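Asks: Before I ask anything, let me first share the structure, which is written out below as structure tokens.
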Amino acid sequence: MALNMESLAEATSGAIGSLLSTTILYPLDTCKTKYQAELRAHGLAKYRNTLDVLLEAISSRQVPSLYQGLGTKNVQSFVSSFIYFYGYDFFKKLYLKKSGFKSIGTRANLIIAVVAGAFTVIITQPLDTTASRMQTSEFGKSKGFWKTLSEGTWSEAFDGLGISIILTSNPAIQYTAFDQFKQRMLKGKMKSNRGVESRPESLSAFSAFVLGAVSKCFATCITYPLIRCKVMIQAAESEGDADDEAELKSRKTISGSLHAIWKKEGVMGFFKGLQPQILKTVLSSALLLMIKEKISKTTWVLLLAVRRYLFLTRTRLKSS
């Protein structure tokens, strides 16, 4: 029961943290995603930077369009985080139980994180693809979730699945590093509660924020070329794109998108939009982990209270 309660608390707090951080940073996410999705030769680009995307929304009086696809993105973020954190926490505890070890090593932690991430991606990929298409549509012309999803074939709903699975290494590295540092920081606090059933210790909001930011920044820099390819694969087709159908179709593969970037933008094209990506992902991940740490403590208390209430109720019924 304790295992299930702790896993459920981790999953719930992680999902709520993801939901809140996604909503807060969504306008920035829309601007950086539309900038990343654009692929044109130098001198012909519509956007010079992420700020140009924001200025276009303001000048065309389409500021609300910065939130296009937010509902779908929130559902995807909540479901993904819940499945990931539940799977990660469950398999981590299962590993410790089966192995008999008191702590989990870095290698085992990384493998568990990758497996949990890959499993999550496979389940939520249609939501991710649809949200990206809605987000990269022309301002004011984004369609609803069902219309966007039903326009393509079922296989197109899984566009970018392969690269998404590869990119599970990004959060896997981040969460593994965060978890390892967290265990070391809280090791002394946990000793004081040995033999007593109480809520888990948690990091301070500032510590969780800094720890999440540093770990995510490194992972983002390493995997960024693949992140940009993923955006291009999932992006909605632009009305101003003059490329032929064959070339547009080739961009839906990893090799095709890499070749297209090299051909039109050169080496620097692989890192186009890196700065806003780092800003968004670092803030998002840091906020997620900070909120998760605070909510996790409250969630544990509530679940423990419900458990004790049910136990007392069952005892009274038996005695009567």
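Ordered as shown in the structure tokens, chains take letters A, B, and onward, while each chain numbers its residues from 1 and ligands are numbered from 1 in the order shown.
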Hey, could you make a per-residue contact list for segment 145-235 of chain A against segment 277-286 of chain A with 10 Å as the cut-off, showing the nearest pair of atoms and its distance in Å to one decimal, counting only C-alpha atoms, sorted by chain and number, as CSV?
Replies:
```
residue,atom,partner,partner_atom,distance
A:Pro171,CA,A:Ser285,CA,9.1
A:Gln174,CA,A:Ser285,CA,9.0
A:Tyr175,CA,A:Ser285,CA,9.5
A:Ala205,CA,A:Ala286,CA,9.6
A:Phe206,CA,A:Ala286,CA,9.5
A:Ser207,CA,A:Ala286,CA,9.7
A:Ala208,CA,A:Ala286,CA,6.9
A:Phe209,CA,A:Ala286,CA,4.6
A:Val210,CA,A:Ala286,CA,6.9
A:Leu211,CA,A:Ala286,CA,7.4
A:Gly212,CA,A:Ala286,CA,4.4
A:Ala213,CA,A:Val282,CA,4.8
A:Val214,CA,A:Val282,CA,7.6
A:Ser215,CA,A:Val282,CA,8.4
A:Lys216,CA,A:Val282,CA,5.6
A:Cys217,CA,A:Val282,CA,5.9
A:Phe218,CA,A:Ile278,CA,9.1
A:Ala219,CA,A:Ile278,CA,9.6
A:Thr220,CA,A:Ile278,CA,6.5
A:Cys221,CA,A:Ile278,CA,7.6
A:Tyr224,CA,A:Gln277,CA,8.4
A:Ile227,CA,A:Gln277,CA,9.1
A:Arg228,CA,A:Gln277,CA,9.5
```
Asks: Residues within 9 Å of Thr120 of chain A, please, as a list of chain:residue names. Count only C-alpha atoms; anything in the same chain fewer than 2 positions from it doesn't count.
Replies: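 In the requested format, the answer is A:Val79, A:Ser80, A:Ser81, A:Ile83, A:Tyr84, A:Gly87, A:Val115, A:Ala116, A:Gly117, A:Ala118, A:Ile122, A:Ile123, A:Thr124, A:Gln125.
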Asks: Using the selection just defined, write its residues with N, CA, C and O atoms as an mmCIF file, in the first residue's frame.
Replies:
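That gives us result06.cif:
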```cif
data_model
loop_
_atom_site.group_PDB
_atom_site.id
_atom_site.type_symbol
_atom_site.label_atom_id
_atom_site.label_comp_id
_atom_site.auth_asym_id
_atom_site.auth_seq_id
_atom_site.Cartn_x
_atom_site.Cartn_y
_atom_site.Cartn_z
ATOM 1 N N VAL A 79 -1.016 14.175 -18.830
ATOM 2 C CA VAL A 79 -1.008 12.723 -19.008
ATOM 3 C C VAL A 79 0.420 12.193 -19.074
ATOM 4 O O VAL A 79 0.760 11.186 -18.441
ATOM 5 N N SER A 80 1.279 12.874 -19.837
ATOM 6 C CA SER A 80 2.667 12.434 -19.987
ATOM 7 C C SER A 80 3.394 12.426 -18.650
ATOM 8 O O SER A 80 4.083 11.458 -18.312
ATOM 9 N N SER A 81 3.245 13.520 -17.909
ATOM 10 C CA SER A 81 3.940 13.614 -16.626
ATOM 11 C C SER A 81 3.423 12.593 -15.630
ATOM 12 O O SER A 81 4.200 11.997 -14.874
ATOM 13 N N ILE A 83 2.039 9.618 -16.259
ATOM 14 C CA ILE A 83 2.520 8.290 -16.641
ATOM 15 C C ILE A 83 4.016 8.161 -16.370
ATOM 16 O O ILE A 83 4.490 7.156 -15.834
ATOM 17 N N TYR A 84 4.774 9.222 -16.711
ATOM 18 C CA TYR A 84 6.223 9.165 -16.538
ATOM 19 C C TYR A 84 6.604 9.056 -15.064
ATOM 20 O O TYR A 84 7.377 8.170 -14.674
ATOM 21 N N GLY A 87 5.451 5.702 -13.537
ATOM 22 C CA GLY A 87 6.283 4.601 -14.007
ATOM 23 C C GLY A 87 7.696 4.669 -13.455
ATOM 24 O O GLY A 87 8.251 3.658 -13.017
ATOM 25 N N VAL A 115 13.306 3.958 -19.995
ATOM 26 C CA VAL A 115 12.181 3.048 -20.229
ATOM 27 C C VAL A 115 10.858 3.740 -19.930
ATOM 28 O O VAL A 115 9.895 3.649 -20.704
ATOM 29 N N ALA A 116 10.795 4.445 -18.809
ATOM 30 C CA ALA A 116 9.579 5.170 -18.442
ATOM 31 C C ALA A 116 9.260 6.251 -19.468
ATOM 32 O O ALA A 116 8.100 6.457 -19.842
ATOM 33 N N GLY A 117 10.300 6.933 -19.966
ATOM 34 C CA GLY A 117 10.104 7.976 -20.967
ATOM 35 C C GLY A 117 9.621 7.437 -22.293
ATOM 36 O O GLY A 117 8.717 7.997 -22.924
ATOM 37 N N ALA A 118 10.214 6.326 -22.752
ATOM 38 C CA ALA A 118 9.821 5.721 -24.029
ATOM 39 C C ALA A 118 8.377 5.218 -23.972
ATOM 40 O O ALA A 118 7.598 5.393 -24.925
ATOM 41 N N ILE A 122 5.198 6.721 -26.446
ATOM 42 C CA ILE A 122 4.381 5.873 -27.321
ATOM 43 C C ILE A 122 2.890 6.101 -27.069
ATOM 44 O O ILE A 122 2.084 6.155 -28.006
ATOM 45 N N ILE A 123 2.508 6.277 -25.816
ATOM 46 C CA ILE A 123 1.099 6.457 -25.470
ATOM 47 C C ILE A 123 0.591 7.846 -25.849
ATOM 48 O O ILE A 123 -0.535 7.998 -26.341
ATOM 49 N N THR A 124 1.412 8.873 -25.654
ATOM 50 C CA THR A 124 0.941 10.254 -25.816
ATOM 51 C C THR A 124 1.363 10.933 -27.120
ATOM 52 O O THR A 124 1.077 12.109 -27.320
ATOM 53 N N GLN A 125 2.012 10.218 -28.038
ATOM 54 C CA GLN A 125 2.510 10.840 -29.262
ATOM 55 C C GLN A 125 1.435 11.539 -30.093
ATOM 56 O O GLN A 125 1.664 12.645 -30.595
#
```
Asks: Using only C-alpha atoms, which of the listed residues (A:Phe82, A:Trp262, A:Tyr67, A:Tyr47) sits closest to Gly140 of chain A?
Replies: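 The closest residue to Gly140 of chain A is A:Tyr67.
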Asks: Measure the distance from atom CA of Asn109 of chain A to atom CA of Thr12 of chain A in Å and round it to one decimal.
Replies: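 Separation of atom CA of Asn109 of chain A and atom CA of Thr12 of chain A: 20.5 Å.
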Asks: Just the number, please: distance in Å from atom CA of Leu287 of chain A to atom CA of Cys31 of chain A, one decimal.
Replies: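 These two atoms are separated by 19.3 Å.
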Asks: Looking at A:Val301, A:Ile233, A:Leu186, A:Leu289, which one is nearest to Glu38 of chain A, with distances taken over only C-alpha atoms?
Replies: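 So, comparing all the options, the nearest one is A:Ile233.
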Asks: Taking only C-alpha atoms into account, produce a table as a tab-separated table in which each residue of segment 115-187 of chain A with an atom at most 12 Å from an atom of segment 55-64 of chain A appears once, together with its shortest atom pair and the distance in Å to one decimal, ordered by chain and rising number.
Replies:
```
residue	atom	partner	partner_atom	distance
A:Gln135	CA	A:Pro64	CA	11.9
A:Glu138	CA	A:Ala57	CA	10.0
A:Phe139	CA	A:Gln62	CA	6.3
A:Gly140	CA	A:Gln62	CA	6.4
A:Lys141	CA	A:Gln62	CA	10.1
A:Ser142	CA	A:Pro64	CA	11.3
```
Asks: Looking only at helix (DSSP H, G or I) from DSSP on the backbone, list the matching residues of segment 32-109 of chain A as number ranges by chain.
Replies: A: 32-37, 50-59, 63-67, 70-99, 106-109
Asks: Write out as number ranges by chain the residues lying within 9 Å of Ala157 of chain A, counting only C-alpha atoms and excluding same-chain residues fewer than 5 positions away.
Replies: A: 125-130, 149-150, 152, 234
Asks: Please produce an output containing N, CA, C and O atoms for each residue in the selection, written as a short mmCIF file (atom, residue, chain, number, x, y, z; two decimals), in the first residue's frame.
Replies:
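For reference, part_12.cif as written:
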```cif
data_model
loop_
_atom_site.label_atom_id
_atom_site.label_comp_id
_atom_site.auth_asym_id
_atom_site.auth_seq_id
_atom_site.Cartn_x
_atom_site.Cartn_y
_atom_site.Cartn_z
N GLN A 125 2.01 10.22 -28.04
CA GLN A 125 2.51 10.84 -29.26
C GLN A 125 1.44 11.54 -30.09
O GLN A 125 1.66 12.64 -30.60
N PRO A 126 0.24 10.95 -30.29
CA PRO A 126 -0.79 11.65 -31.06
C PRO A 126 -1.17 13.01 -30.46
O PRO A 126 -1.40 13.98 -31.19
N LEU A 127 -1.19 13.10 -29.15
CA LEU A 127 -1.48 14.37 -28.49
C LEU A 127 -0.37 15.38 -28.74
O LEU A 127 -0.62 16.55 -29.02
N ASP A 128 0.87 14.92 -28.68
CA ASP A 128 2.02 15.79 -28.90
C ASP A 128 2.06 16.31 -30.33
O ASP A 128 2.28 17.50 -30.56
N THR A 129 1.81 15.43 -31.30
CA THR A 129 1.82 15.84 -32.71
C THR A 129 0.72 16.84 -33.01
O THR A 129 0.94 17.85 -33.68
N THR A 130 -0.48 16.57 -32.50
CA THR A 130 -1.61 17.46 -32.74
C THR A 130 -1.38 18.83 -32.11
O THR A 130 -1.66 19.87 -32.73
N LEU A 149 -6.51 16.49 -35.76
CA LEU A 149 -6.10 15.09 -35.68
C LEU A 149 -6.68 14.27 -36.83
O LEU A 149 -6.01 13.41 -37.39
N SER A 150 -7.94 14.55 -37.22
CA SER A 150 -8.62 13.75 -38.24
C SER A 150 -8.22 14.12 -39.67
O SER A 150 -8.53 13.40 -40.61
N GLY A 152 -5.25 14.13 -40.99
CA GLY A 152 -4.22 13.21 -41.49
C GLY A 152 -4.59 11.76 -41.23
O GLY A 152 -5.65 11.46 -40.67
N GLN A 234 6.82 17.64 -37.00
CA GLN A 234 5.45 17.72 -36.50
C GLN A 234 4.73 19.00 -36.88
O GLN A 234 3.51 19.09 -36.72
#
```
Asks: Find the residues near Thr33 of chain A: any atom within 12 Å, counting only C-alpha atoms, skip ones fewer than 3 places away on the same chain, and give them as an MDAnalysis selection string.
Replies: chainID A and resid 26:30 36:39 47 49:51 53:54 66 131:137 227:236 272:274 276:277 280:281
Asks: Hey, can you spit out that residue selection with N, CA and C atoms as a compact mmCIF listing (two decimals), in the first residue's frame?
Replies:
```txt
# COMPACT_ATOMS: atom_id res chain seq x y z
N TYR A 26 3.39 29.15 -21.86
CA TYR A 26 2.91 28.76 -23.19
C TYR A 26 3.13 29.82 -24.28
N PRO A 27 2.92 31.12 -24.03
CA PRO A 27 3.21 32.10 -25.09
C PRO A 27 4.65 32.04 -25.57
N LEU A 28 5.60 31.90 -24.64
CA LEU A 28 7.01 31.76 -25.01
C LEU A 28 7.21 30.49 -25.82
N ASP A 29 6.54 29.41 -25.44
CA ASP A 29 6.66 28.14 -26.15
C ASP A 29 6.15 28.26 -27.58
N THR A 30 5.04 28.98 -27.77
CA THR A 30 4.48 29.17 -29.11
C THR A 30 5.44 29.97 -29.99
N GLN A 36 11.33 27.95 -34.67
CA GLN A 36 12.07 26.72 -34.98
C GLN A 36 11.52 26.03 -36.22
N ALA A 37 10.21 26.08 -36.41
CA ALA A 37 9.57 25.35 -37.50
C ALA A 37 9.85 25.96 -38.86
N GLU A 38 10.18 27.25 -38.89
CA GLU A 38 10.43 27.92 -40.17
C GLU A 38 11.76 27.47 -40.76
N LEU A 39 11.74 27.08 -42.03
CA LEU A 39 12.96 26.64 -42.72
C LEU A 39 13.06 27.35 -44.06
N TYR A 47 10.96 35.22 -39.91
CA TYR A 47 11.31 35.60 -38.54
C TYR A 47 12.83 35.63 -38.36
N ASN A 49 14.11 36.28 -35.27
CA ASN A 49 14.26 35.76 -33.92
C ASN A 49 12.87 35.52 -33.32
N THR A 50 12.86 35.05 -32.09
CA THR A 50 11.60 34.73 -31.43
C THR A 50 10.76 35.98 -31.19
N LEU A 51 11.41 37.11 -30.97
CA LEU A 51 10.69 38.36 -30.73
C LEU A 51 9.84 38.75 -31.93
N VAL A 53 8.17 36.82 -33.83
CA VAL A 53 6.91 36.06 -33.76
C VAL A 53 5.93 36.77 -32.84
N LEU A 54 6.42 37.23 -31.71
CA LEU A 54 5.58 37.96 -30.76
C LEU A 54 5.07 39.26 -31.37
N LEU A 66 -1.47 33.22 -29.37
CA LEU A 66 -0.28 32.70 -28.72
C LEU A 66 -0.62 31.52 -27.82
N ALA A 131 -0.85 18.85 -30.90
CA ALA A 131 -0.56 20.12 -30.22
C ALA A 131 0.47 20.94 -31.00
N SER A 132 1.49 20.28 -31.55
CA SER A 132 2.52 20.98 -32.32
C SER A 132 1.95 21.56 -33.61
N ARG A 133 1.07 20.82 -34.28
CA ARG A 133 0.45 21.33 -35.50
C ARG A 133 -0.45 22.53 -35.23
N MET A 134 -1.20 22.47 -34.14
CA MET A 134 -2.06 23.59 -33.76
C MET A 134 -1.22 24.81 -33.40
N GLN A 135 -0.11 24.58 -32.74
CA GLN A 135 0.76 25.66 -32.26
C GLN A 135 1.48 26.35 -33.41
N THR A 136 1.86 25.61 -34.46
CA THR A 136 2.63 26.18 -35.57
C THR A 136 1.75 26.62 -36.73
N SER A 137 0.43 26.53 -36.58
CA SER A 137 -0.48 27.03 -37.62
C SER A 137 -0.39 28.55 -37.68
N ILE A 227 15.95 18.11 -31.30
CA ILE A 227 14.75 18.83 -30.87
C ILE A 227 14.19 19.66 -32.01
N ARG A 228 15.08 20.34 -32.74
CA ARG A 228 14.61 21.16 -33.87
C ARG A 228 14.04 20.28 -34.98
N CYS A 229 14.66 19.14 -35.23
CA CYS A 229 14.14 18.21 -36.24
C CYS A 229 12.73 17.74 -35.86
N LYS A 230 12.51 17.47 -34.61
CA LYS A 230 11.20 17.02 -34.14
C LYS A 230 10.13 18.08 -34.40
N VAL A 231 10.47 19.35 -34.13
CA VAL A 231 9.52 20.44 -34.38
C VAL A 231 9.17 20.51 -35.86
N MET A 232 10.18 20.39 -36.72
CA MET A 232 9.94 20.46 -38.16
C MET A 232 9.08 19.30 -38.65
N ILE A 233 9.32 18.12 -38.12
CA ILE A 233 8.56 16.93 -38.53
C ILE A 233 7.09 17.06 -38.16
N GLN A 234 6.82 17.64 -37.00
CA GLN A 234 5.45 17.72 -36.50
C GLN A 234 4.73 19.00 -36.88
N ALA A 235 5.45 19.99 -37.42
CA ALA A 235 4.85 21.31 -37.69
C ALA A 235 3.79 21.26 -38.79
N ALA A 236 2.83 22.20 -38.68
CA ALA A 236 1.81 22.34 -39.72
C ALA A 236 2.48 22.95 -40.95
N LYS A 272 19.43 26.78 -34.53
CA LYS A 272 18.51 27.91 -34.64
C LYS A 272 17.44 27.80 -33.55
N GLY A 273 17.32 28.84 -32.74
CA GLY A 273 16.33 28.83 -31.68
C GLY A 273 16.81 28.19 -30.39
N LEU A 274 18.12 27.95 -30.28
CA LEU A 274 18.65 27.31 -29.08
C LEU A 274 18.43 28.16 -27.83
N PRO A 276 16.06 30.56 -27.01
CA PRO A 276 14.71 30.49 -26.43
C PRO A 276 14.33 29.09 -25.97
N GLN A 277 14.90 28.06 -26.62
CA GLN A 277 14.63 26.68 -26.19
C GLN A 277 15.19 26.45 -24.79
N LYS A 280 13.07 28.44 -22.27
CA LYS A 280 11.76 27.82 -22.02
C LYS A 280 11.88 26.51 -21.25
N THR A 281 12.77 25.63 -21.70
CA THR A 281 12.87 24.32 -21.07
C THR A 281 13.45 24.39 -19.66
```
Asks: Mind pulling up the distance from atom CA of Lys264 of chain A to atom CA of Leu226 of chain A?
Replies: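 One can read the atom CA of Leu226 of chain A to atom CA of Lys264 of chain A distance as 16.7 Å.
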